[in-house]
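**Q** Enclosed is the structure file run.csv (CSV, C-alpha atoms).
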```
chain,number,residue,atom,x,y,z
A,1,MET,CA,100.5,-15.8,71.0
A,2,GLY,CA,97.3,-17.7,71.2
A,3,ARG,CA,96.7,-20.6,73.4
A,4,PHE,CA,95.2,-23.8,72.2
A,5,ARG,CA,92.7,-25.4,74.4
A,6,ASP,CA,92.4,-29.1,74.9
A,7,ASP,CA,88.6,-28.9,75.3
A,8,ALA,CA,88.0,-31.0,72.2
A,9,SER,CA,88.7,-34.2,74.1
A,10,LYS,CA,86.2,-33.3,76.8
A,11,LYS,CA,83.2,-32.8,74.4
A,12,GLU,CA,81.0,-35.7,73.5
A,13,MET,CA,80.0,-36.7,70.0
A,14,PRO,CA,76.4,-35.6,69.2
A,15,ALA,CA,73.8,-38.4,68.9
A,16,ILE,CA,73.0,-39.6,65.4
A,17,SER,CA,69.5,-38.4,64.3
A,18,THR,CA,67.1,-41.3,63.7
A,19,ALA,CA,64.3,-39.0,62.4
A,20,SER,CA,64.7,-40.3,58.8
A,21,LEU,CA,65.0,-44.0,59.8
A,22,PRO,CA,61.3,-44.8,59.3
A,23,ASP,CA,61.4,-43.3,55.8
A,24,VAL,CA,64.3,-45.4,54.8
A,25,VAL,CA,62.6,-48.6,56.3
A,26,PHE,CA,59.4,-47.9,54.3
A,27,MET,CA,61.3,-47.2,51.1
A,28,LEU,CA,63.1,-50.6,51.5
A,29,LEU,CA,59.9,-52.3,52.3
A,30,PHE,CA,58.1,-50.8,49.3
A,31,PHE,CA,61.0,-51.7,47.0
A,32,PHE,CA,61.0,-55.4,48.1
A,33,MET,CA,57.2,-55.6,47.9
A,34,THR,CA,57.2,-54.4,44.3
A,35,MET,CA,60.2,-56.4,43.1
A,36,THR,CA,59.2,-59.7,44.7
A,37,SER,CA,56.8,-62.0,42.9
A,38,LEU,CA,55.0,-64.4,45.0
A,39,LYS,CA,54.4,-67.9,43.8
A,40,GLU,CA,50.7,-68.6,44.0
A,41,VAL,CA,50.6,-72.4,43.8
A,42,GLU,CA,53.2,-75.2,44.2
A,43,TYR,CA,52.8,-77.2,41.0
A,44,LYS,CA,52.3,-80.9,41.7
A,45,VAL,CA,51.6,-81.7,38.0
A,46,LYS,CA,53.8,-81.2,34.9
A,47,ILE,CA,52.2,-78.9,32.4
A,48,THR,CA,53.4,-78.3,28.9
A,49,PRO,CA,50.8,-75.8,27.7
A,50,PRO,CA,49.5,-76.1,24.1
A,51,GLN,CA,50.5,-73.6,21.5
A,52,ALA,CA,48.0,-71.2,19.9
A,53,THR,CA,48.0,-68.2,17.5
A,54,GLU,CA,45.0,-66.2,18.7
A,55,LEU,CA,45.6,-65.4,22.4
A,56,GLN,CA,44.1,-62.8,24.7
A,57,GLU,CA,45.5,-61.9,28.1
A,58,LEU,CA,43.1,-61.9,31.0
A,59,GLU,CA,42.4,-58.4,32.3
A,60,LYS,CA,41.1,-59.0,35.8
A,61,LYS,CA,43.3,-61.8,37.2
A,62,HIS,CA,41.9,-61.5,40.7
A,63,LEU,CA,38.6,-63.0,39.3
A,64,VAL,CA,40.4,-66.1,37.9
A,65,ARG,CA,40.6,-69.4,39.6
A,66,TYR,CA,42.9,-72.1,38.1
A,67,ILE,CA,42.5,-75.8,37.6
A,68,TYR,CA,45.7,-77.7,36.7
A,69,VAL,CA,45.7,-81.0,34.9
A,70,GLY,CA,48.7,-83.1,34.0
A,71,GLU,CA,51.0,-85.9,34.9
A,72,PRO,CA,52.3,-85.8,38.5
A,73,ILE,CA,55.8,-84.4,38.9
A,74,ASP,CA,58.6,-87.0,39.1
A,75,LYS,CA,58.9,-87.1,42.9
A,76,LEU,CA,55.1,-87.7,43.3
A,77,GLN,CA,54.8,-90.4,40.6
A,78,SER,CA,55.7,-93.2,42.9
A,79,GLN,CA,52.7,-92.2,45.1
A,80,TYR,CA,50.2,-91.1,42.5
A,81,GLY,CA,51.3,-92.9,39.3
A,82,THR,CA,51.7,-91.4,35.8
A,83,GLU,CA,48.0,-90.9,34.8
A,84,PRO,CA,46.9,-87.2,34.5
A,85,ARG,CA,45.7,-85.8,37.8
A,86,ILE,CA,43.6,-82.7,38.7
A,87,GLN,CA,45.2,-80.1,41.0
A,88,LEU,CA,43.0,-77.5,42.8
A,89,ASP,CA,45.2,-74.9,44.6
A,90,ASP,CA,47.9,-77.0,46.3
A,91,ALA,CA,46.2,-80.4,46.5
A,92,PHE,CA,45.2,-83.2,44.1
A,93,ALA,CA,41.4,-83.6,43.6
A,94,GLU,CA,38.8,-85.7,41.9
A,95,VAL,CA,36.3,-84.4,39.4
A,96,SER,CA,33.6,-84.7,42.0
A,97,GLN,CA,35.4,-82.1,44.2
A,98,ILE,CA,35.4,-79.4,41.5
A,99,GLU,CA,31.8,-78.3,42.2
A,100,ASN,CA,32.5,-77.7,45.9
A,101,TYR,CA,35.7,-75.9,45.1
A,102,ILE,CA,34.0,-73.5,42.7
A,103,VAL,CA,31.2,-72.9,45.2
A,104,SER,CA,33.6,-72.1,48.0
A,105,GLU,CA,35.8,-69.9,45.8
A,106,ARG,CA,32.7,-68.0,44.5
A,107,SER,CA,31.4,-67.5,48.1
A,108,ALA,CA,34.7,-66.1,49.2
A,109,MET,CA,34.5,-63.3,46.5
A,110,PRO,CA,32.7,-60.0,46.9
A,111,GLU,CA,29.0,-60.4,45.8
A,112,ALA,CA,29.5,-58.0,42.9
A,113,ASP,CA,32.3,-60.1,41.5
A,114,GLN,CA,30.7,-63.5,41.9
A,115,ASP,CA,29.2,-63.5,38.4
A,116,LEU,CA,32.5,-62.5,36.9
A,117,LEU,CA,34.3,-65.6,38.1
A,118,THR,CA,36.4,-67.1,35.3
A,119,VAL,CA,37.9,-70.6,35.5
A,120,SER,CA,41.2,-71.0,33.7
A,121,LEU,CA,42.2,-74.5,32.7
A,122,LYS,CA,45.9,-75.1,32.6
A,123,ILE,CA,46.1,-78.5,31.0
A,124,ASP,CA,49.1,-80.4,29.6
A,125,LYS,CA,49.0,-80.6,25.8
A,126,ASP,CA,49.2,-84.4,25.9
A,127,CYS,CA,46.2,-84.8,28.3
A,128,LYS,CA,43.3,-86.9,27.1
A,129,MET,CA,40.2,-84.9,26.1
A,130,GLY,CA,37.9,-87.2,28.3
A,131,VAL,CA,39.4,-85.6,31.5
A,132,VAL,CA,38.8,-82.1,30.0
A,133,THR,CA,35.2,-83.0,29.2
A,134,ASP,CA,34.6,-84.3,32.7
A,135,ILE,CA,36.0,-81.1,34.2
A,136,LYS,CA,33.8,-79.0,31.9
A,137,GLN,CA,30.7,-80.9,32.9
A,138,ALA,CA,31.5,-80.4,36.6
A,139,LEU,CA,32.0,-76.7,36.0
A,140,ARG,CA,28.7,-76.5,34.1
A,141,ARG,CA,26.9,-78.1,37.1
A,142,ALA,CA,28.6,-75.5,39.4
A,143,TYR,CA,27.4,-72.7,37.0
A,144,ALA,CA,30.9,-71.7,36.2
A,145,LEU,CA,30.3,-70.9,32.6
A,146,LYS,CA,33.2,-68.6,31.9
A,147,ILE,CA,36.1,-70.9,31.0
A,148,ASN,CA,39.5,-70.0,29.7
A,149,TYR,CA,42.1,-72.4,28.2
A,150,SER,CA,45.7,-71.4,29.0
A,151,ALA,CA,48.2,-71.6,26.1
A,152,VAL,CA,51.5,-70.1,24.9
A,153,THR,CA,52.1,-68.2,21.7
A,154,ARG,CA,53.0,-70.4,18.8
A,155,PRO,CA,56.3,-69.3,17.2
A,156,ASN,CA,55.9,-68.0,13.6
A,157,SER,CA,56.2,-70.8,11.2
A,158,ASN,CA,56.1,-70.5,7.4
A,159,LEU,CA,54.3,-73.5,6.1
```
Could you render the structure from this file as structure tokens?
**A**
Amino acid sequence: MGRFRDDASKKEMPAISTASLPDVVFMLLFFFMTMTSLKEVEYKVKITPPQATELQELEKKHLVRYIYVGEPIDKLQSQYGTEPRIQLDDAFAEVSQIENYIVSERSAMPEADQDLLTVSLKIDKDCKMGVVTDIKQALRRAYALKINYSAVTRPNSNL
């Protein structure tokens, strides 16, 4: 008859191979990078975009700089009031600051793309046209002549 050895209890477990661990980490990193959308700007103004029928999507969004105009959000109304305000990046600004903003944004771009800078105006639909005209004049002085007005698609209506 054969004998059974009790050597199994004396052997150690082999070490777990970590050779594929970097691959798994990079797969997870890539997954989260592609599935996560980053918020570019914290809105400090309320914007209800106007509706339009003839819309075109911007192709090269890295060449677009945004100017937001609207009434301050509820938690900032006690400090800034209810009149429409201009927001550049994450801060409120005056019309006189738009030129410097455009110049600094243009200088931060590669030289080949500087002439392709587009300014997109995200303006509340109830905003007065005088504010828009002042912004357009400041953009004209800064030689930012490519202007886009942001809007949403108008639902089909049978008049």
**Q** Which residue, A:Ile86, A:Leu58, A:Ile47, A:Leu117, has the smallest gap to Lys146 (chain A) when you use all atoms listed in the file?
**A** A:Leu117
**Q** The residues within 12 Å of (41.7, -83.3, 41.7), using all atoms listed in the file and the coordinates of the file, should be reported as an MDAnalysis selection string; which are they?
**A** chainID A and resid 44:45 66:72 80 84:101 131 134:135 138
**Q** Compare A:Gln77, A:Ser37, A:Thr48, A:Thr118 by their minimum atom-to-atom distance to Glu105 (chain A), counting all atoms listed in the file, and give me the closest one.
**A**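 The answer is A:Thr118, which sits nearest to Glu105 (chain A).
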**Q** In Å, how far is it from CA of Ala15 (chain A) to CA of Phe30 (chain A)?
**A** 28.0 Å
**Q** Provide the CA of Tyr143 (chain A) to CA of Ile102 (chain A) distance in Å, to one decimal place.
**A**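 The value is 8.8 Å.
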**Q** Could you tell me how far CA of Ala52 (chain A) sits from CA of Val119 (chain A), in Å to one decimal place?
**A** 18.6 Å
**Q** Pick out the closest residue to Lys125 (chain A) from this set: A:Lys46, A:His62, A:Arg140, A:Lys11. Count all atoms listed in the file.
**A**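 Checking each of A:Lys46, A:His62, A:Arg140, A:Lys11 against Lys125 (chain A), counting all atoms listed in the file, the winner is A:Lys46.
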**Q** With distances taken over all atoms listed in the file, which of A:Lys136, A:Lys75, A:Lys122, A:Arg65 is nearest to Tyr149 (chain A)?
**A**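 Closest to Tyr149 (chain A) of all the choices is A:Lys122.
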**Q** Using only C-alpha atoms, which residue out of A:Leu121, A:Met129, A:Leu28, A:Leu63 lies closest to Ile147 (chain A)?
**A** A:Leu121
**Q** Considering only C-alpha atoms, can you say which of A:Val24, A:Glu83, A:Phe31, A:Thr18 comes closest to Cys127 (chain A)?
**A**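 Checking each of A:Val24, A:Glu83, A:Phe31, A:Thr18 against Cys127 (chain A), counting only C-alpha atoms, the winner is A:Glu83.
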